[in-house]
Amino acid sequence: MHAKETFKDRSSYYDSLGCPYTNHQAESKEDAFQYKHLPQCERHLVDRILCGGHSKDDIPPARKTSVKIYINAPHVDTIEERNALITNTYPKLKEFCRDKYQIDFQVIDMFWGLKPQIKDDHSTMVTCQEAMKMCVSESLGPTHMVILGQKVGQLSAPPILKQTDLEAIFKHLSPEDTLVLKQWYYIDLNSVPPVYILQPISHILGHKKTDWPKTEEKLLAMLQKGAQWCMENGHIADDFNRNLHLPGILLNVLTFPPSASTTSQQDKTWMGSIRDITDMHHNLEKIRSHRFIDIKQGKAEVIPKLFTLHNQFAETIIPSKINEDNLHTSKIQWAEPHGVDPVVHKSYIDDFCNNFYRTAVTITDTVNKNKHQFVLHEDELCHDVSSHWRIANDIEQWCLRQDDYLGKIRDYILDPEGEKPLVVHSSSGYGKTYLMAMAAQETNRMLKIYNKETTSVVAIRFIGATNESRDIFWLINSICHQIAYATGKSRCQLPKDYKGLKSSFMQVLEAGLFNGLLVLLIDGLDQLSSNHEALSLDWLPHKLAPNVKLIFSTSSTDNGILEKLNHLIMQEDQYIELGSFSSHTCNEIMDMWLTKLDRKLNHQQSKRVNDAFRDSQVPIFIKTVFEEVKWWNSFTEVNEDSLGSTVNENIHRLFDRYELKHGKIFVDHVLSYITASVTGISEAELEEILCLDDKVLDSLFTRWEPPIRRIPPSLWQYLRIDLMGLLVEREEDGLKVLTWFHTTIARAASTRYLNTAEKKQYIHLHVSDYYLGKWSGTWKKPRSAKESLIERNRICSEYDPKLRYVPVQPLEFTVFNIEPRFNLRKLNQLPYHLTNSRRPELANKDIFFNYWFIHTKLRTGSFHKLIDDFSYTTNPQAKLVQDALQHAKKALLLDCNALGPELCGRLLSQFTSSPNIQELIHQCDLAAMQNCALVPNHQSYNAPGSPLEYTYQIDTDLSANDIYLIENKETLLMCAKPALIPQMRIWDIHQSQRKPNLTLPPGKIFYTQNGQFISLFRGTTLHMYKIQNGELFGKINYEHGQPNNVTVGNKYLAFTLVKAAGPFLLDMEAKKVIHKFNQQSQIVQLSRNEKYVLFNAGRQLEFYEIPLMERKISIDVNDTPIKIIFTRNPLQFFVHFQRNNIIKYEINLTKKIIHYNAHC
């Protein structure tokens, strides 16, 4: 059995765990779960990953999830071919990659969609190089497409030159030429080694940018002249001189990074197309001839040097680089007036597109077929564990050791008597994740040093690193499977449902029934979602086994997690609070980070950074400063305004710079989409959504627009380079997505870009339209065209619908697969975005009352995610559907095809009252017939919305006096404890689930008003326990006697005694008796605010103030009281007497007056 067959996806991976098997089937399944089918070397690697003890090199790189092709073509002469690819070929390839391999398809064409222009900062070449590297490192198919006509383009001055190269050239040039070069090239000593940087055009020429082409030509001539002399004398490399004579497209051919699989000169992931206009030389005088061949300005003559270069590459170099099966040549003739005409050359363009498609498909199939199907990528558990270790590895590279904190963690791990978790906490941005990553990496080393005989199991989880890690079900599910494997337990026998998993998780950590030490680190408790009431922390064990160590990190402020932990863990030494760094440490971290980028700062800049660290010394502040100063050159002038004094100020300064450099509307909307996609958005998705956003497109195309209404791919690539320090990549729904590096940055972006309800609606509308596939295929999206564009581009009218060429969005892909692949992105993202777009009718139609959406999501194995989707709507009819699904949970988990009869059988009573439910039932009757032929004619099950909410099975007889309803701020608990039974059973009403029993002494229980503690009397001692875990909180001993009447607040407890003087008043927080009254009392009661205590002394009521125990007033009565009830007003109460009289009393302490009303 192969890993891929067993663990095809997360749902099927765990689907079988709760199913009954024969012994043979169970053994076979367990063998697969224990990886016995793997070669020994791979199994040893799995052992190291899942158990700990691995090296950083053992962790594989993140799996690739996309095909990315860099289009290497001149700006204008192949525009018709590239337009045809966008309209005909790319949509098909997107569907092919998604349907067959469930991966993204993205093309990076740096010169499509924009008029030829000069970048003021000369960033084109650097951005192209970064895009080429990205394609090679991330593509699961073709990486490079060379499209060559007869025009190779003009030469460009290099934006960066090594100090040694340029200074060698200076020695062979005249002083005048050297001065000109030094005017344009400034040395950057912040680079290691130093380099010369070509200055922005506007910095030297001001507004005379039109002079740049001639200036650039002169600069190139000087560089070429000096480089030739240097090469002849051996002062510079031949490659440097060669590169000065090559246009960009040809230079890319020579410098494009090879793919990892390349073993020969030819790269099998390259594609190519060479087009020859055979009569080009006879048409040099034509107006548009300069677009198709390099000719001299104002003359109908080719540039000999560039013509020779073209022939050399077309005939020799490109064929030597590209496999002949992937290289296609074409010959056409000139067509007036455009040169290459989509009508005249239709046959050629169709062949070009078909060749591109076939070659791309062939390469993609080959790459995916030969891809190493390694278990760490294919198996969900191994992939999950290695993903978190990869994060730890990446983070640790950027961490400065914090020995004081690591020492405390080491002492905790090595303490054999510790029974409680260790909590690392601080405000946001203080480096909790950094510390947890370092602690995880250091744990095995520390254990080997201090306890060499201990076999350790180390598990690390970063909550929020993936969306599923935010869900407590998937979090403890993954941990339970890792622990089961590492400790030699059966994974087949692990529960499949959340309740069972939670119980198993707690049992393993409490019992520790295995040899060795288990260290579990969980970062970011405050990042948990509210699913399954995870924030109540009821899944935490009450007590840890001696060989189990549990380390958490959490924010001190978010979601109240720290406050809840304080109730669970009372010992102060179990908490590590992170503080700020010293200024010296901040500078050390900054120097370390800059060194990793081969950068440094000059003295003046270092002083300004040091001054900034006087304002703040937390890691997130250091990060925001670093994102600014890493771009500083040694010639960059700095002042007090160069850096902000707070994290938010620095973040907004970065946003200001991005908007100024890349365009305000473009940056605004890009960052809005990233921020609104809380679980992340892939680059391909972002590009497609921007193509639907007419505000962005209109801001870009103010005086001209391309024939196809899509976003130019280069715009995102330029912005991406600046943004990547603030973003992180993670895998979500099988794709790599982008999300913010830190919650502080996400909050700042939300405040800036999603600051109005209208803006949020606009952003969510476009995202939901994309997942709906509203403008895919042949659907044209209308837009309002500006008058200037109507006149210039001959647009017919202001209402000008255009195709956007975005992919269709079915619920599942079945074209290339016998078994369908689900569109997880649509299933998981659409409910959130569609409801936030404030289109309830559409949300009802496509999600909440849509049989196929509900059925498909059930088939993915995500029942709890389906239920969570209904939290986005307030529609009462949708809540009825949610209730019906919850009532049918057991049946649907066994067979999701039972959805039709289950919904019909529960919702028929609502058929006439709700059009939405009526439509859903019609779908169940008709569409569901494909899955289940049962069609109920009448209501067959309990209808949702009935008074009955929960039913609990109780195994033993209980009286009403044995059952307690205890409410706290997290939930409502039903507790059952007969006085003589040493155990209390608990049910969580809100979660509709049984909680672990608490072992308590025999006796009647009393609980505090806030539901946090329970108490019972044993002899003359009051025992107090935490209700959350049954841990003994404290004991209070009193003199003697049997308690009679008991009243409990949050802080105080009072009780009378049978035939003895009293009452007693106890302080439960201080764990002591604070007062004993010497009265013959039968009844006592505390006011709700616990400021007063009222009791009887015979036929007199005594009213005392707490804690001074000052008697405020005495009330004479003519009967014996049997019950006292305070109202919310602590000076107002009711007294029930033996003769069934009820009297209401109201006290005025200032005038010592008593008002009362008698009732029968």
# chains A, B, ... in the order shown; residues from 1 in each chain; ligands from 1

$ residues_around --residues "Lys759 in chain A" --least-positions-apart "5" --cutoff "10 Å" --atoms "only C-alpha atoms" --output "MDAnalysis selection string"
chainID A and resid 669 672 753:754 764:765 837

$ atom_distance --atom1 "CA of Pro213 in chain A" --atom2 "CA of Leu155 in chain A"
10.2 Å

$ residues_around --residues "Gln1085 in chain A" --least-positions-apart "2" --cutoff "6 Å" --atoms "only C-alpha atoms" --output "PyMOL selection string"
chain A and resi 1047+1093-1094

$ residues_around --residues "Glu588 in chain A" --least-positions-apart "6" --cutoff "12 Å" --atoms "only C-alpha atoms" --output "ChimeraX atom specification"
/A:398-401,581-582,594-595,600,606,609-610,613,617,619,622

$ write_last_selection --atoms "N, CA, C and O atoms" --output "tab-separated table (two decimals), in the first residue's frame"
chain	number	residue	atom	x	y	z
A	398	TRP	N	16.43	33.84	12.26
A	398	TRP	CA	16.34	35.28	12.48
A	398	TRP	C	16.28	35.62	13.97
A	398	TRP	O	15.93	36.74	14.33
A	399	CYS	N	16.59	34.64	14.83
A	399	CYS	CA	16.48	34.84	16.27
A	399	CYS	C	17.84	35.03	16.91
A	399	CYS	O	18.81	34.38	16.52
A	400	LEU	N	17.88	35.88	17.91
A	400	LEU	CA	19.05	36.01	18.77
A	400	LEU	C	18.75	35.21	20.04
A	400	LEU	O	17.67	35.32	20.61
A	401	ARG	N	19.68	34.36	20.44
A	401	ARG	CA	19.45	33.49	21.59
A	401	ARG	C	19.06	34.31	22.83
A	401	ARG	O	19.67	35.33	23.13
A	581	PHE	N	13.54	44.16	24.99
A	581	PHE	CA	14.98	43.98	24.91
A	581	PHE	C	15.69	45.25	25.36
A	581	PHE	O	15.09	46.33	25.45
A	582	SER	N	16.96	45.13	25.58
A	582	SER	CA	17.79	46.32	25.77
A	582	SER	C	18.10	46.93	24.40
A	582	SER	O	18.00	46.25	23.36
A	594	LEU	N	20.61	42.35	9.00
A	594	LEU	CA	21.22	42.99	7.84
A	594	LEU	C	22.34	42.13	7.26
A	594	LEU	O	22.49	42.04	6.03
A	595	THR	N	23.08	41.47	8.12
A	595	THR	CA	24.17	40.60	7.65
A	595	THR	C	23.63	39.47	6.79
A	595	THR	O	24.27	39.09	5.79
A	600	LYS	N	24.67	46.40	5.55
A	600	LYS	CA	25.07	47.04	6.81
A	600	LYS	C	24.65	48.51	6.73
A	600	LYS	O	24.10	48.96	5.72
A	606	SER	N	23.36	54.13	11.62
A	606	SER	CA	23.34	53.30	12.83
A	606	SER	C	22.93	54.13	14.04
A	606	SER	O	22.18	53.66	14.91
A	609	VAL	N	19.18	54.63	13.94
A	609	VAL	CA	18.49	53.40	14.35
A	609	VAL	C	18.59	53.22	15.85
A	609	VAL	O	17.62	52.86	16.52
A	610	ASN	N	19.76	53.47	16.40
A	610	ASN	CA	19.94	53.34	17.85
A	610	ASN	C	19.03	54.31	18.61
A	610	ASN	O	18.47	53.97	19.65
A	613	PHE	N	15.56	52.93	18.82
A	613	PHE	CA	15.39	51.86	19.79
A	613	PHE	C	15.26	52.39	21.22
A	613	PHE	O	15.01	51.61	22.14
A	617	GLN	N	11.60	48.74	22.25
A	617	GLN	CA	12.60	47.66	22.17
A	617	GLN	C	11.95	46.29	22.04
A	617	GLN	O	12.43	45.31	22.59
A	619	PRO	N	10.39	43.09	19.59
A	619	PRO	CA	10.76	42.50	18.29
A	619	PRO	C	9.97	43.04	17.11
A	619	PRO	O	10.53	43.23	16.04
A	622	ILE	N	11.44	46.22	16.03
A	622	ILE	CA	12.71	45.99	15.32
A	622	ILE	C	12.42	45.56	13.89
A	622	ILE	O	13.08	46.00	12.94

$ closest_atom_pairs --of "range 585-605 of chain A" --to "range 632-641 of chain A" --cutoff "7 Å" --atoms "only C-alpha atoms" --output "Markdown table"
| residue | atom | partner | partner_atom | distance |
| --- | --- | --- | --- | --- |
| A:Leu601 | CA | A:Ser634 | CA | 6.8 |
| A:Asn602 | CA | A:Ser634 | CA | 6.1 |
| A:Gln605 | CA | A:Val638 | CA | 6.5 |

$ residues_around --residues "Ala157 in chain A" --least-positions-apart "5" --cutoff "9 Å" --atoms "only C-alpha atoms" --output "MDAnalysis selection string"
chainID A and resid 122 198 216:217 219:220 223 244

$ select_by_dssp --residues "range 538-661 of chain A" --states "strand (DSSP E)" --output "list in words"
Val548, Lys549, Leu550, Ile551, Phe552, Ser553, Thr554, Ser555, Tyr575, Ile576 and Glu577 of chain A

$ closest_atom_pairs --of "range 520-599 of chain A" --to "range 860-874 of chain A" --cutoff "12 Å" --atoms "only C-alpha atoms" --output "JSON lines"
{"residue": "A:Ser529", "atom": "CA", "partner": "A:Asp868", "partner_atom": "CA", "distance": 10.5}
{"residue": "A:Ser530", "atom": "CA", "partner": "A:Asp868", "partner_atom": "CA", "distance": 9.6}
{"residue": "A:Asn531", "atom": "CA", "partner": "A:Asp868", "partner_atom": "CA", "distance": 7.4}
{"residue": "A:His532", "atom": "CA", "partner": "A:His864", "partner_atom": "CA", "distance": 8.8}
{"residue": "A:Glu533", "atom": "CA", "partner": "A:Asp868", "partner_atom": "CA", "distance": 11.9}

$ closest_residue --among "A:Leu166, A:Met592, A:Leu827, A:Ala392" --to "Asp846 in chain A" --atoms "only C-alpha atoms"
A:Leu827

$ atom_distance --atom1 "CA of Gln163 in chain A" --atom2 "CA of Pro194 in chain A"
5.7 Å

$ decode --residues "range 819-832 of chain A" --atoms "all heavy atoms" --output "CSV table (one decimal), in the first residue's frame"
chain,number,residue,atom,x,y,z
A,819,GLU,N,-11.9,10.0,-9.8
A,819,GLU,CA,-12.4,10.5,-8.5
A,819,GLU,C,-12.3,12.0,-8.5
A,819,GLU,O,-11.3,12.5,-8.9
A,819,GLU,CB,-11.6,9.9,-7.3
A,819,GLU,CG,-11.8,8.4,-7.1
A,819,GLU,CD,-11.1,7.9,-5.9
A,819,GLU,OE1,-10.6,8.8,-5.1
A,819,GLU,OE2,-11.1,6.7,-5.7
A,820,PRO,N,-13.4,12.7,-8.2
A,820,PRO,CA,-13.3,14.2,-8.3
A,820,PRO,C,-12.4,14.8,-7.3
A,820,PRO,O,-12.2,14.3,-6.2
A,820,PRO,CB,-14.8,14.6,-8.1
A,820,PRO,CG,-15.3,13.5,-7.2
A,820,PRO,CD,-14.7,12.2,-7.7
A,821,ARG,N,-11.9,16.0,-7.7
A,821,ARG,CA,-11.1,16.8,-6.8
A,821,ARG,C,-12.0,18.0,-6.4
A,821,ARG,O,-12.7,18.6,-7.3
A,821,ARG,CB,-9.8,17.3,-7.4
A,821,ARG,CG,-8.8,16.2,-7.7
A,821,ARG,CD,-7.6,16.9,-8.4
A,821,ARG,NE,-6.6,15.9,-8.8
A,821,ARG,CZ,-5.6,15.5,-8.0
A,821,ARG,NH1,-5.5,16.0,-6.8
A,821,ARG,NH2,-4.7,14.6,-8.4
A,822,PHE,N,-12.1,18.2,-5.1
A,822,PHE,CA,-13.0,19.3,-4.7
A,822,PHE,C,-12.4,20.7,-4.8
A,822,PHE,O,-11.2,20.8,-4.6
A,822,PHE,CB,-13.4,19.0,-3.2
A,822,PHE,CG,-14.1,17.7,-3.0
A,822,PHE,CD1,-13.5,16.7,-2.3
A,822,PHE,CD2,-15.4,17.5,-3.5
A,822,PHE,CE1,-14.1,15.5,-2.1
A,822,PHE,CE2,-16.0,16.3,-3.4
A,822,PHE,CZ,-15.4,15.3,-2.7
A,823,ASN,N,-13.2,21.6,-5.1
A,823,ASN,CA,-12.7,23.0,-5.2
A,823,ASN,C,-12.7,23.6,-3.7
A,823,ASN,O,-13.6,24.3,-3.3
A,823,ASN,CB,-13.7,23.8,-6.1
A,823,ASN,CG,-13.1,25.2,-6.3
A,823,ASN,OD1,-12.2,25.7,-5.7
A,823,ASN,ND2,-13.7,25.9,-7.3
A,824,LEU,N,-11.7,23.2,-3.0
A,824,LEU,CA,-11.6,23.6,-1.6
A,824,LEU,C,-11.6,25.1,-1.4
A,824,LEU,O,-12.1,25.6,-0.4
A,824,LEU,CB,-10.4,22.9,-0.9
A,824,LEU,CG,-10.4,21.4,-0.9
A,824,LEU,CD1,-9.1,20.9,-0.3
A,824,LEU,CD2,-11.6,20.9,-0.1
A,825,ARG,N,-10.9,25.8,-2.3
A,825,ARG,CA,-10.9,27.2,-2.1
A,825,ARG,C,-12.3,27.8,-2.2
A,825,ARG,O,-12.6,28.7,-1.3
A,825,ARG,CB,-10.0,27.9,-3.2
A,825,ARG,CG,-8.5,27.5,-3.2
A,825,ARG,CD,-7.9,27.9,-1.9
A,825,ARG,NE,-7.7,29.4,-1.8
A,825,ARG,CZ,-7.4,30.0,-0.7
A,825,ARG,NH1,-7.3,29.4,0.4
A,825,ARG,NH2,-7.3,31.4,-0.7
A,826,LYS,N,-13.1,27.4,-3.1
A,826,LYS,CA,-14.5,27.9,-3.2
A,826,LYS,C,-15.3,27.5,-1.9
A,826,LYS,O,-16.0,28.3,-1.3
A,826,LYS,CB,-15.1,27.5,-4.4
A,826,LYS,CG,-16.6,27.9,-4.5
A,826,LYS,CD,-17.2,27.5,-5.9
A,826,LYS,CE,-18.7,28.0,-5.9
A,826,LYS,NZ,-19.2,27.8,-7.3
A,827,LEU,N,-15.2,26.2,-1.6
A,827,LEU,CA,-16.0,25.7,-0.5
A,827,LEU,C,-15.6,26.3,0.8
A,827,LEU,O,-16.5,26.6,1.7
A,827,LEU,CB,-15.8,24.2,-0.4
A,827,LEU,CG,-16.3,23.3,-1.5
A,827,LEU,CD1,-15.8,21.9,-1.5
A,827,LEU,CD2,-17.9,23.3,-1.5
A,828,ASN,N,-14.4,26.7,1.0
A,828,ASN,CA,-14.0,27.2,2.3
A,828,ASN,C,-13.9,28.7,2.4
A,828,ASN,O,-14.1,29.3,3.5
A,828,ASN,CB,-12.6,26.7,2.7
A,828,ASN,CG,-12.6,25.2,2.9
A,828,ASN,OD1,-13.6,24.6,3.3
A,828,ASN,ND2,-11.4,24.5,2.7
A,829,GLN,N,-13.8,29.4,1.2
A,829,GLN,CA,-13.7,30.9,1.2
A,829,GLN,C,-15.0,31.6,0.9
A,829,GLN,O,-15.2,32.7,1.4
A,829,GLN,CB,-12.6,31.3,0.2
A,829,GLN,CG,-11.2,30.7,0.5
A,829,GLN,CD,-10.7,31.0,1.8
A,829,GLN,OE1,-10.7,32.1,2.4
A,829,GLN,NE2,-10.1,29.9,2.5
A,830,LEU,N,-15.8,31.0,0.1
A,830,LEU,CA,-17.0,31.7,-0.4
A,830,LEU,C,-18.0,32.1,0.7
A,830,LEU,O,-18.5,33.2,0.7
A,830,LEU,CB,-17.7,30.8,-1.4
A,830,LEU,CG,-19.0,31.4,-2.1
A,830,LEU,CD1,-18.7,32.7,-2.8
A,830,LEU,CD2,-19.7,30.4,-3.0
A,831,PRO,N,-18.3,31.2,1.7
A,831,PRO,CA,-19.2,31.6,2.7
A,831,PRO,C,-18.8,32.9,3.5
A,831,PRO,O,-19.7,33.8,3.7
A,831,PRO,CB,-19.3,30.4,3.7
A,831,PRO,CG,-18.9,29.2,2.8
A,831,PRO,CD,-17.9,29.8,1.9
A,832,TYR,N,-17.6,33.0,3.8
A,832,TYR,CA,-17.1,34.2,4.5
A,832,TYR,C,-17.2,35.4,3.7
A,832,TYR,O,-17.7,36.5,4.1
A,832,TYR,CB,-15.7,34.0,5.0
A,832,TYR,CG,-15.0,35.2,5.6
A,832,TYR,CD1,-15.4,35.7,6.8
A,832,TYR,CD2,-14.0,35.9,4.8
A,832,TYR,CE1,-14.8,36.8,7.3
A,832,TYR,CE2,-13.4,37.0,5.4
A,832,TYR,CZ,-13.8,37.5,6.6
A,832,TYR,OH,-13.2,38.6,7.1
